[in-house]
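One file, final-v2.csv, is given below (CSV, C-alpha atoms).
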chain,number,residue,atom,x,y,z
A,1,ASN,CA,-16.0,-10.1,-8.3
A,2,ALA,CA,-15.6,-6.3,-8.2
A,3,GLY,CA,-13.0,-6.5,-5.5
A,4,VAL,CA,-12.6,-3.2,-3.6
A,5,THR,CA,-14.6,-0.3,-4.9
A,6,GLN,CA,-14.6,3.3,-3.7
A,7,THR,CA,-17.0,6.2,-4.2
A,8,PRO,CA,-16.7,8.9,-5.2
A,9,LYS,CA,-13.6,8.9,-7.5
A,10,PHE,CA,-13.1,12.6,-7.3
A,11,ARG,CA,-14.4,15.3,-4.9
A,12,VAL,CA,-13.7,19.0,-4.3
A,13,LEU,CA,-14.7,20.5,-1.0
A,14,LYS,CA,-14.5,23.9,0.6
A,15,THR,CA,-12.8,24.3,3.9
A,16,GLY,CA,-15.2,23.3,6.7
A,17,GLN,CA,-17.5,21.1,4.6
A,18,SER,CA,-18.1,17.5,5.5
A,19,MET,CA,-18.2,14.4,3.4
A,20,THR,CA,-18.1,10.6,3.6
A,21,LEU,CA,-16.0,8.3,1.4
A,22,LEU,CA,-17.5,4.8,0.9
A,23,CYS,CA,-15.4,1.7,0.5
A,24,ALA,CA,-17.0,-1.7,-0.4
A,25,GLN,CA,-15.5,-5.1,-0.8
A,26,ASP,CA,-17.1,-8.3,-2.0
A,27,MET,CA,-14.4,-10.8,-1.0
A,28,ASN,CA,-15.7,-11.4,2.5
A,29,HIS,CA,-12.6,-9.9,4.0
A,30,GLU,CA,-12.4,-9.4,7.7
A,31,TYR,CA,-10.0,-6.5,7.7
A,32,MET,CA,-10.3,-3.1,6.1
A,33,TYR,CA,-8.1,-0.1,6.0
A,34,TRP,CA,-8.1,3.5,5.0
A,35,TYR,CA,-4.8,5.1,3.8
A,36,ARG,CA,-3.9,8.5,2.4
A,37,GLN,CA,-1.2,9.0,-0.2
A,38,ASP,CA,0.6,12.2,-0.4
A,39,PRO,CA,3.6,13.0,-2.8
A,40,GLY,CA,6.8,11.7,-1.4
A,41,MET,CA,5.2,10.3,1.7
A,42,GLY,CA,4.0,6.9,0.6
A,43,LEU,CA,0.9,5.4,2.1
A,44,ARG,CA,-0.1,6.4,5.6
A,45,LEU,CA,-2.7,4.4,7.6
A,46,ILE,CA,-5.6,6.6,8.8
A,47,HIS,CA,-7.9,4.0,10.5
A,48,TYR,CA,-8.5,0.3,10.2
A,49,SER,CA,-11.1,-2.3,11.2
A,50,VAL,CA,-10.5,-5.9,12.2
A,51,GLY,CA,-14.2,-6.8,11.8
A,52,GLU,CA,-17.7,-5.7,11.6
A,53,GLY,CA,-18.5,-3.1,14.3
A,54,THR,CA,-14.8,-2.5,15.2
A,55,THR,CA,-12.5,0.3,14.3
A,56,ALA,CA,-9.0,1.4,15.4
A,57,LYS,CA,-6.7,4.4,14.9
A,58,GLY,CA,-3.8,4.2,12.5
A,59,GLU,CA,-0.8,6.5,12.1
A,60,VAL,CA,-2.7,9.7,11.1
A,61,PRO,CA,-6.3,9.5,12.5
A,62,ASP,CA,-6.8,13.2,13.4
A,63,GLY,CA,-9.6,14.9,11.5
A,64,TYR,CA,-11.2,11.6,10.4
A,65,ASN,CA,-13.8,9.2,11.7
A,66,VAL,CA,-14.8,5.8,10.4
A,67,SER,CA,-17.5,3.2,10.8
A,68,ARG,CA,-17.9,-0.4,9.9
A,69,LEU,CA,-21.6,-1.2,10.3
A,70,LYS,CA,-21.5,-3.9,7.7
A,71,LYS,CA,-18.7,-6.3,7.0
A,72,GLN,CA,-18.4,-5.3,3.4
A,73,ASN,CA,-18.4,-1.6,3.9
A,74,PHE,CA,-16.0,0.8,5.6
A,75,LEU,CA,-16.8,4.5,5.6
A,76,LEU,CA,-14.4,7.3,6.1
A,77,GLY,CA,-15.8,10.7,7.3
A,78,LEU,CA,-14.4,14.1,7.3
A,79,GLU,CA,-16.4,16.3,9.7
A,80,SER,CA,-14.8,19.6,8.8
A,81,ALA,CA,-12.5,19.4,5.9
A,82,ALA,CA,-9.2,21.3,5.9
A,83,PRO,CA,-6.8,22.0,3.0
A,84,SER,CA,-4.2,19.6,4.7
A,85,GLN,CA,-6.6,16.8,4.0
A,86,THR,CA,-6.2,17.3,0.2
A,87,SER,CA,-4.9,13.9,-0.8
A,88,VAL,CA,-5.6,10.6,-2.6
A,89,TYR,CA,-7.4,8.2,-0.3
A,90,PHE,CA,-7.2,4.5,-0.7
A,91,CYS,CA,-9.2,1.8,0.9
A,92,ALA,CA,-7.8,-1.7,1.2
A,93,SER,CA,-9.0,-5.0,2.6
A,94,SER,CA,-7.4,-8.3,3.6
A,95,TYR,CA,-8.6,-11.7,4.6
A,96,ASN,CA,-6.9,-11.4,8.0
A,97,THR,CA,-3.8,-9.7,9.6
A,98,ASN,CA,-1.7,-12.8,9.4
A,99,LEU,CA,1.7,-11.4,8.6
A,100,ALA,CA,1.7,-13.1,5.2
A,101,THR,CA,-1.6,-11.7,4.0
A,102,GLU,CA,-1.5,-9.2,1.2
A,103,GLN,CA,-3.9,-6.3,0.9
A,104,PHE,CA,-6.3,-5.6,-1.9
A,105,PHE,CA,-6.7,-2.0,-2.8
A,106,GLY,CA,-9.5,0.1,-4.3
A,107,PRO,CA,-8.9,2.6,-7.2
A,108,GLY,CA,-8.6,5.6,-4.9
A,109,THR,CA,-10.5,8.8,-4.3
A,110,ARG,CA,-8.9,12.1,-5.2
A,111,LEU,CA,-10.0,14.8,-2.7
A,112,THR,CA,-9.2,18.5,-3.0
A,113,VAL,CA,-10.1,20.8,-0.2
A,114,LEU,CA,-10.0,24.5,-1.1
B,115,ALA,CA,14.4,6.2,11.1
B,116,GLN,CA,12.0,5.0,8.6
B,117,LYS,CA,11.0,1.3,8.9
B,118,VAL,CA,10.9,0.9,5.1
B,119,THR,CA,13.3,3.1,3.1
B,120,GLN,CA,13.1,3.4,-0.7
B,121,ALA,CA,15.9,5.8,-1.3
B,122,GLN,CA,15.2,6.1,-5.1
B,123,THR,CA,12.4,8.6,-5.5
B,124,GLU,CA,12.4,8.4,-9.3
B,125,ILE,CA,14.1,6.3,-11.8
B,126,SER,CA,14.0,6.7,-15.6
B,127,VAL,CA,15.3,4.1,-18.0
B,128,VAL,CA,15.0,3.3,-21.7
B,129,GLU,CA,13.0,0.3,-22.8
B,130,LYS,CA,14.9,-3.0,-22.6
B,131,GLU,CA,17.3,-1.8,-19.9
B,132,ASP,CA,17.4,-3.7,-16.6
B,133,VAL,CA,16.5,-1.7,-13.5
B,134,THR,CA,16.8,-2.5,-9.8
B,135,LEU,CA,14.5,-0.9,-7.2
B,136,ASP,CA,16.0,-0.8,-3.7
B,137,CYS,CA,14.2,-1.5,-0.4
B,138,VAL,CA,15.8,-1.4,3.0
B,139,TYR,CA,13.8,-2.2,6.1
B,140,GLU,CA,14.2,-2.0,9.8
B,141,THR,CA,12.7,-4.4,12.3
B,142,ARG,CA,13.5,-6.1,15.6
B,143,ASP,CA,11.1,-9.0,14.9
B,144,THR,CA,12.5,-12.3,13.9
B,145,THR,CA,9.4,-13.2,12.0
B,146,TYR,CA,8.2,-10.7,9.4
B,147,TYR,CA,7.1,-10.5,5.8
B,148,LEU,CA,8.1,-8.1,3.0
B,149,PHE,CA,5.9,-7.2,0.1
B,150,TRP,CA,6.2,-5.4,-3.2
B,151,TYR,CA,3.2,-3.6,-4.7
B,152,LYS,CA,2.8,-1.9,-8.1
B,153,GLN,CA,0.8,1.2,-8.6
B,154,PRO,CA,0.2,1.8,-12.3
B,155,PRO,CA,-1.0,5.2,-13.7
B,156,SER,CA,-4.6,4.0,-13.2
B,157,GLY,CA,-3.9,4.3,-9.4
B,158,GLU,CA,-4.8,1.0,-7.9
B,159,LEU,CA,-2.1,-0.8,-6.0
B,160,VAL,CA,-1.5,-4.4,-7.0
B,161,PHE,CA,0.3,-7.0,-5.0
B,162,LEU,CA,3.4,-8.5,-6.7
B,163,ILE,CA,5.2,-10.7,-4.2
B,164,ARG,CA,5.7,-11.5,-0.5
B,165,ARG,CA,8.7,-13.0,1.2
B,166,ASN,CA,9.0,-14.2,4.8
B,167,SER,CA,12.0,-13.6,7.0
B,168,PHE,CA,13.1,-17.2,7.0
B,169,ASP,CA,13.2,-17.6,3.3
B,170,GLU,CA,16.2,-15.9,1.7
B,171,GLN,CA,15.9,-17.7,-1.6
B,172,ASN,CA,15.7,-15.4,-4.5
B,173,GLU,CA,12.6,-15.5,-6.6
B,174,ILE,CA,12.1,-15.0,-10.4
B,175,SER,CA,8.8,-14.5,-12.1
B,176,GLY,CA,9.2,-13.8,-15.8
B,177,ARG,CA,11.1,-10.5,-16.1
B,178,TYR,CA,10.8,-9.8,-12.4
B,179,SER,CA,13.2,-11.0,-9.8
B,180,TRP,CA,13.6,-10.3,-6.1
B,181,ASN,CA,16.7,-10.5,-4.0
B,182,PHE,CA,16.2,-10.8,-0.2
B,183,GLN,CA,19.3,-10.4,2.0
B,184,LYS,CA,18.8,-10.4,5.8
B,185,SER,CA,22.4,-9.4,6.3
B,186,THR,CA,21.8,-6.0,4.7
B,187,SER,CA,18.1,-5.8,5.6
B,188,SER,CA,17.3,-5.4,1.9
B,189,PHE,CA,14.6,-6.7,-0.4
B,190,ASN,CA,15.5,-5.4,-3.9
B,191,PHE,CA,13.4,-5.8,-7.0
B,192,THR,CA,14.9,-6.1,-10.5
B,193,ILE,CA,13.0,-5.8,-13.8
B,194,THR,CA,14.9,-7.3,-16.7
B,195,ALA,CA,14.4,-5.9,-20.2
B,196,SER,CA,12.1,-3.2,-19.0
B,197,GLN,CA,9.0,-2.3,-21.0
B,198,VAL,CA,6.9,0.8,-21.1
B,199,VAL,CA,4.1,-1.0,-19.3
B,200,ASP,CA,6.4,-1.3,-16.3
B,201,SER,CA,6.1,2.4,-15.7
B,202,ALA,CA,4.5,2.8,-12.3
B,203,VAL,CA,5.1,3.6,-8.7
B,204,TYR,CA,6.5,0.6,-6.8
B,205,PHE,CA,6.0,0.2,-3.1
B,206,CYS,CA,7.9,-2.0,-0.7
B,207,ALA,CA,6.1,-2.9,2.6
B,208,LEU,CA,6.9,-4.6,5.9
B,209,SER,CA,4.5,-6.6,8.0
B,210,GLU,CA,5.7,-7.4,11.5
B,211,ASN,CA,4.2,-8.8,14.8
B,212,THR,CA,5.0,-5.7,16.8
B,213,ASN,CA,2.6,-3.8,14.4
B,214,ALA,CA,-0.2,-6.3,14.8
B,215,GLY,CA,0.4,-7.6,11.3
B,216,LYS,CA,-0.4,-4.2,9.7
B,217,SER,CA,1.9,-3.2,6.8
B,218,THR,CA,4.2,-0.3,6.8
B,219,PHE,CA,4.9,1.1,3.4
B,220,GLY,CA,7.9,2.8,2.0
B,221,ASP,CA,7.5,6.1,0.2
B,222,GLY,CA,7.6,4.4,-3.2
B,223,THR,CA,9.8,4.6,-6.3
B,224,THR,CA,8.4,6.1,-9.5
B,225,LEU,CA,9.8,4.2,-12.5
B,226,THR,CA,9.5,5.6,-15.9
B,227,VAL,CA,10.4,3.5,-18.9
B,228,LYS,CA,10.8,5.4,-22.1
B,229,PRO,CA,10.4,3.8,-25.5
In structure tokens, how does this file's structure come out?
Amino acid sequence: NAGVTQTPKFRVLKTGQSMTLLCAQDMNHEYMYWYRQDPGMGLRLIHYSVGEGTTAKGEVPDGYNVSRLKKQNFLLGLESAAPSQTSVYFCASSYNTNLATEQFFGPGTRLTVL
Amino acid sequence: AQKVTQAQTEISVVEKEDVTLDCVYETRDTTYYLFWYKQPPSGELVFLIRRNSFDEQNEISGRYSWNFQKSTSSFNFTITASQVVDSAVYFCALSENTNAGKSTFGDGTTLTVKP
């Protein structure tokens, strides 16, 4: 199993450009999450999905959109990138949101917005 | 106040030293879970352990041990005889019913183990 994969690994954008980050998991997990990691701020939840066709806002959703058209994929979109969105983005998945369930993380995407 | 506080931003030790990473949490739920994750330089977070709110028994796994104390709302992580490969960022996380089971992460502690 590949687990959770993310593409691309690195990206540089100019302010105002758009892009989509792709997350894929092959563990048949119901739940998927997008986080951003900034220095000294830990992981902050952007959006999440509790199943195919569903999405919900997390802690810092502004400026991002997501889609979960297929169970195995969770896309994160930036419509008009801003320098404040420079960050490392992590995708994660879990079997369910039972309190005891751990999350499985992808390798991250390092995004720089100039 | 933060729900999960990892007051130690960075810790540096010399190989073979013991080191304890602190985690203090805040919740009103009676049922909750606590987790530790490791983020090595490669970047990917890896699950280490979970502990539920009804089980205060300490756990040991090789050089790793965890001390959960409800009285002080703490879930500390100790590495005995640290090794260079232990160098990573360590995250403590809380999962509670009032947050629909989603995890809240602390800001992480960067551990550097020098040879």
Residues of chain B within 7 Å of chain A: nearest atom pair and distance (Å, one decimal) for each, counting only C-alpha atoms, sorted by chain and number, as CSV?
residue,atom,partner,partner_atom,distance
B:Tyr146,CA,A:Leu99,CA,6.6
B:Tyr147,CA,A:Ala100,CA,6.0
B:Gly157,CA,A:Pro107,CA,5.7
B:Glu158,CA,A:Pro107,CA,4.5
B:Leu159,CA,A:Phe105,CA,5.7
B:Phe161,CA,A:Glu102,CA,6.8
B:Ser209,CA,A:Leu99,CA,5.6
B:Glu210,CA,A:Leu99,CA,6.4
B:Gly215,CA,A:Leu99,CA,4.8
B:Lys216,CA,A:Thr97,CA,6.5
B:Phe219,CA,A:Leu43,CA,6.0
B:Gly220,CA,A:Gly42,CA,5.8
B:Asp221,CA,A:Gly42,CA,3.6
B:Gly222,CA,A:Gly42,CA,5.8
Atom-to-atom span, atom CA of A:Met32 and atom CA of B:Arg165, Å
22.0 Å
Here's a test: counting all atoms listed in the file, identify every protein, DNA and RNA residue with an atom at most 6 Å from (1.9, -3.8, -6.7) in the file's coordinate frame, and state them as number ranges by chain.
B: 150-153, 159-162
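Interatomic distance, atom CA of B:Val203 to atom CA of B:Thr186: 23.5 Å.
Picture a line from atom CA of B:Asn181 to atom CA of B:Asp136; it runs 9.7 Å.
With only C-alpha atoms as the atoms that count, the residue of A:Tyr89, A:Tyr64, A:Arg110, A:Glu79 with the shortest distance to A:Thr15 is A:Glu79.
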Between A:Ser87, A:Thr5, A:Ser94, A:Asn65, which one has atoms that come closest to A:Met19, using only C-alpha atoms?
A:Asn65
Find the spatial neighbours of B:Thr119, counting all atoms listed in the file, within a cut-off of 7 Å - ignore same-chain residues fewer than 6 positions away - and output them as number ranges by chain.
B: 137-139, 220
Using all atoms listed in the file, which residue out of B:Glu124, B:Asp169, B:Glu140, B:Glu131 lies closest to B:Thr226?
B:Glu124
Non-local contacts of A:Phe74 (6 Å; only C-alpha atoms; under 2 positions in same chain excluded) as a PyMOL selection string:
chain A and resi 23+67-68
Expected residue set, 10 Å radius at (18.8, -8.1, 11.5), all atoms listed in the file, as a ChimeraX atom specification
/B:139-144,167,183-187
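Compared by their closest atoms to B:Thr223, and using all atoms listed in the file, the residues B:Ala207, B:Val118, B:Ile125, B:Ile163 rank with B:Ile125 nearest.
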Test item: residues at most 8 Å from A:Lys14, only C-alpha atoms, excluding those fewer than 4 positions along its chain, as a list in words
Ala81, Ala82, Val113 and Leu114 of chain A
A:Val66 environment, 10 Å, only C-alpha atoms, sequence neighbours closer than 6 positions dropped, as a ChimeraX atom specification:
/A:20-22,33-34,46-49,54-57,74-78
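Closest approach to B:Thr192 among B:Leu135, B:Val128, B:Leu148, B:Ala121 is made by B:Leu135 (distances from only C-alpha atoms).
Non-sequential neighbours of B:Val198 (distance at most 7 Å, separation of 6 or more positions within a chain, all atoms listed in the file) are Glu129, Val227, Lys228 and Pro229 of chain B.
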Point out the residue among B:Ala214, B:Ala202, B:Ile193, B:Leu225 with the least atom-to-atom distance to B:Asp132, counting all atoms listed in the file.
B:Ile193
Taking the block above, write stretch 169-180 of chain B with all heavy atoms as a PDB file, in the first residue's frame.
ATOM      1  N   ASP B 169      -7.816   5.379  31.072  1.00  0.00           N
ATOM      2  CA  ASP B 169      -6.677   4.505  31.282  1.00  0.00           C
ATOM      3  C   ASP B 169      -5.454   5.329  31.640  1.00  0.00           C
ATOM      4  O   ASP B 169      -4.782   5.848  30.760  1.00  0.00           O
ATOM      5  CB  ASP B 169      -6.426   3.678  30.013  1.00  0.00           C
ATOM      6  CG  ASP B 169      -5.277   2.700  30.195  1.00  0.00           C
ATOM      7  OD1 ASP B 169      -4.727   2.618  31.312  1.00  0.00           O
ATOM      8  OD2 ASP B 169      -4.924   2.033  29.209  1.00  0.00           O
ATOM      9  N   GLU B 170      -5.175   5.419  32.924  1.00  0.00           N
ATOM     10  CA  GLU B 170      -4.027   6.205  33.363  1.00  0.00           C
ATOM     11  C   GLU B 170      -2.775   5.373  33.535  1.00  0.00           C
ATOM     12  O   GLU B 170      -1.771   5.847  34.039  1.00  0.00           O
ATOM     13  CB  GLU B 170      -4.351   6.930  34.672  1.00  0.00           C
ATOM     14  CG  GLU B 170      -5.319   8.085  34.489  1.00  0.00           C
ATOM     15  CD  GLU B 170      -5.352   9.000  35.691  1.00  0.00           C
ATOM     16  OE1 GLU B 170      -4.368   9.717  35.933  1.00  0.00           O
ATOM     17  OE2 GLU B 170      -6.370   8.984  36.398  1.00  0.00           O
ATOM     18  N   GLN B 171      -2.818   4.148  33.090  1.00  0.00           N
ATOM     19  CA  GLN B 171      -1.644   3.292  33.202  1.00  0.00           C
ATOM     20  C   GLN B 171      -0.553   3.798  32.280  1.00  0.00           C
ATOM     21  O   GLN B 171      -0.785   4.109  31.115  1.00  0.00           O
ATOM     22  CB  GLN B 171      -2.026   1.865  32.818  1.00  0.00           C
ATOM     23  CG  GLN B 171      -1.011   0.813  33.191  1.00  0.00           C
ATOM     24  CD  GLN B 171      -1.576  -0.588  33.002  1.00  0.00           C
ATOM     25  OE1 GLN B 171      -2.584  -0.771  32.343  1.00  0.00           O
ATOM     26  NE2 GLN B 171      -0.925  -1.578  33.589  1.00  0.00           N
ATOM     27  N   ASN B 172       0.644   3.905  32.800  1.00  0.00           N
ATOM     28  CA  ASN B 172       1.758   4.315  31.964  1.00  0.00           C
ATOM     29  C   ASN B 172       2.093   3.221  30.962  1.00  0.00           C
ATOM     30  O   ASN B 172       1.821   2.039  31.188  1.00  0.00           O
ATOM     31  CB  ASN B 172       2.988   4.620  32.822  1.00  0.00           C
ATOM     32  CG  ASN B 172       2.790   5.866  33.657  1.00  0.00           C
ATOM     33  OD1 ASN B 172       1.974   6.718  33.315  1.00  0.00           O
ATOM     34  ND2 ASN B 172       3.518   5.978  34.749  1.00  0.00           N
ATOM     35  N   GLU B 173       2.666   3.633  29.861  1.00  0.00           N
ATOM     36  CA  GLU B 173       3.008   2.661  28.832  1.00  0.00           C
ATOM     37  C   GLU B 173       4.467   2.792  28.454  1.00  0.00           C
ATOM     38  O   GLU B 173       5.002   3.899  28.380  1.00  0.00           O
ATOM     39  CB  GLU B 173       2.129   2.871  27.595  1.00  0.00           C
ATOM     40  CG  GLU B 173       2.461   1.929  26.445  1.00  0.00           C
ATOM     41  CD  GLU B 173       1.249   1.510  25.667  1.00  0.00           C
ATOM     42  OE1 GLU B 173       0.120   1.753  26.120  1.00  0.00           O
ATOM     43  OE2 GLU B 173       1.437   0.924  24.586  1.00  0.00           O
ATOM     44  N   ILE B 174       5.077   1.648  28.223  1.00  0.00           N
ATOM     45  CA  ILE B 174       6.477   1.631  27.799  1.00  0.00           C
ATOM     46  C   ILE B 174       6.578   0.818  26.526  1.00  0.00           C
ATOM     47  O   ILE B 174       6.004  -0.269  26.416  1.00  0.00           O
ATOM     48  CB  ILE B 174       7.380   1.002  28.886  1.00  0.00           C
ATOM     49  CG1 ILE B 174       7.308   1.838  30.174  1.00  0.00           C
ATOM     50  CG2 ILE B 174       8.821   0.917  28.390  1.00  0.00           C
ATOM     51  CD1 ILE B 174       8.056   1.215  31.336  1.00  0.00           C
ATOM     52  N   SER B 175       7.287   1.367  25.566  1.00  0.00           N
ATOM     53  CA  SER B 175       7.550   0.643  24.330  1.00  0.00           C
ATOM     54  C   SER B 175       9.010   0.863  23.967  1.00  0.00           C
ATOM     55  O   SER B 175       9.391   1.898  23.413  1.00  0.00           O
ATOM     56  CB  SER B 175       6.629   1.154  23.216  1.00  0.00           C
ATOM     57  OG  SER B 175       6.921   0.523  21.993  1.00  0.00           O
ATOM     58  N   GLY B 176       9.828  -0.093  24.312  1.00  0.00           N
ATOM     59  CA  GLY B 176      11.252   0.056  24.052  1.00  0.00           C
ATOM     60  C   GLY B 176      11.837   1.219  24.828  1.00  0.00           C
ATOM     61  O   GLY B 176      11.734   1.268  26.054  1.00  0.00           O
ATOM     62  N   ARG B 177      12.418   2.176  24.124  1.00  0.00           N
ATOM     63  CA  ARG B 177      13.013   3.346  24.774  1.00  0.00           C
ATOM     64  C   ARG B 177      11.975   4.440  25.046  1.00  0.00           C
ATOM     65  O   ARG B 177      12.306   5.464  25.632  1.00  0.00           O
ATOM     66  CB  ARG B 177      14.138   3.902  23.906  1.00  0.00           C
ATOM     67  CG  ARG B 177      15.295   2.950  23.706  1.00  0.00           C
ATOM     68  CD  ARG B 177      16.426   3.588  22.910  1.00  0.00           C
ATOM     69  NE  ARG B 177      16.009   3.938  21.557  1.00  0.00           N
ATOM     70  CZ  ARG B 177      15.783   5.166  21.124  1.00  0.00           C
ATOM     71  NH1 ARG B 177      15.920   6.191  21.950  1.00  0.00           N
ATOM     72  NH2 ARG B 177      15.435   5.387  19.878  1.00  0.00           N
ATOM     73  N   TYR B 178      10.765   4.246  24.561  1.00  0.00           N
ATOM     74  CA  TYR B 178       9.719   5.252  24.706  1.00  0.00           C
ATOM     75  C   TYR B 178       8.810   4.911  25.881  1.00  0.00           C
ATOM     76  O   TYR B 178       8.461   3.742  26.086  1.00  0.00           O
ATOM     77  CB  TYR B 178       8.840   5.313  23.449  1.00  0.00           C
ATOM     78  CG  TYR B 178       9.520   5.778  22.181  1.00  0.00           C
ATOM     79  CD1 TYR B 178       8.834   5.726  20.964  1.00  0.00           C
ATOM     80  CD2 TYR B 178      10.806   6.287  22.165  1.00  0.00           C
ATOM     81  CE1 TYR B 178       9.414   6.159  19.793  1.00  0.00           C
ATOM     82  CE2 TYR B 178      11.392   6.717  20.999  1.00  0.00           C
ATOM     83  CZ  TYR B 178      10.695   6.648  19.810  1.00  0.00           C
ATOM     84  OH  TYR B 178      11.265   7.081  18.641  1.00  0.00           O
ATOM     85  N   SER B 179       8.407   5.919  26.610  1.00  0.00           N
ATOM     86  CA  SER B 179       7.411   5.716  27.664  1.00  0.00           C
ATOM     87  C   SER B 179       6.526   6.945  27.751  1.00  0.00           C
ATOM     88  O   SER B 179       6.940   8.062  27.396  1.00  0.00           O
ATOM     89  CB  SER B 179       8.086   5.437  29.015  1.00  0.00           C
ATOM     90  OG  SER B 179       8.861   6.540  29.432  1.00  0.00           O
ATOM     91  N   TRP B 180       5.306   6.703  28.199  1.00  0.00           N
ATOM     92  CA  TRP B 180       4.336   7.785  28.273  1.00  0.00           C
ATOM     93  C   TRP B 180       3.709   7.803  29.662  1.00  0.00           C
ATOM     94  O   TRP B 180       3.361   6.753  30.214  1.00  0.00           O
ATOM     95  CB  TRP B 180       3.242   7.598  27.221  1.00  0.00           C
ATOM     96  CG  TRP B 180       3.748   7.798  25.827  1.00  0.00           C
ATOM     97  CD1 TRP B 180       3.744   8.952  25.113  1.00  0.00           C
ATOM     98  CD2 TRP B 180       4.338   6.806  24.969  1.00  0.00           C
ATOM     99  NE1 TRP B 180       4.291   8.746  23.873  1.00  0.00           N
ATOM    100  CE2 TRP B 180       4.672   7.445  23.757  1.00  0.00           C
ATOM    101  CE3 TRP B 180       4.629   5.453  25.114  1.00  0.00           C
ATOM    102  CZ2 TRP B 180       5.270   6.775  22.687  1.00  0.00           C
ATOM    103  CZ3 TRP B 180       5.220   4.791  24.061  1.00  0.00           C
ATOM    104  CH2 TRP B 180       5.533   5.434  22.861  1.00  0.00           C
TER     105      TRP B 180
END
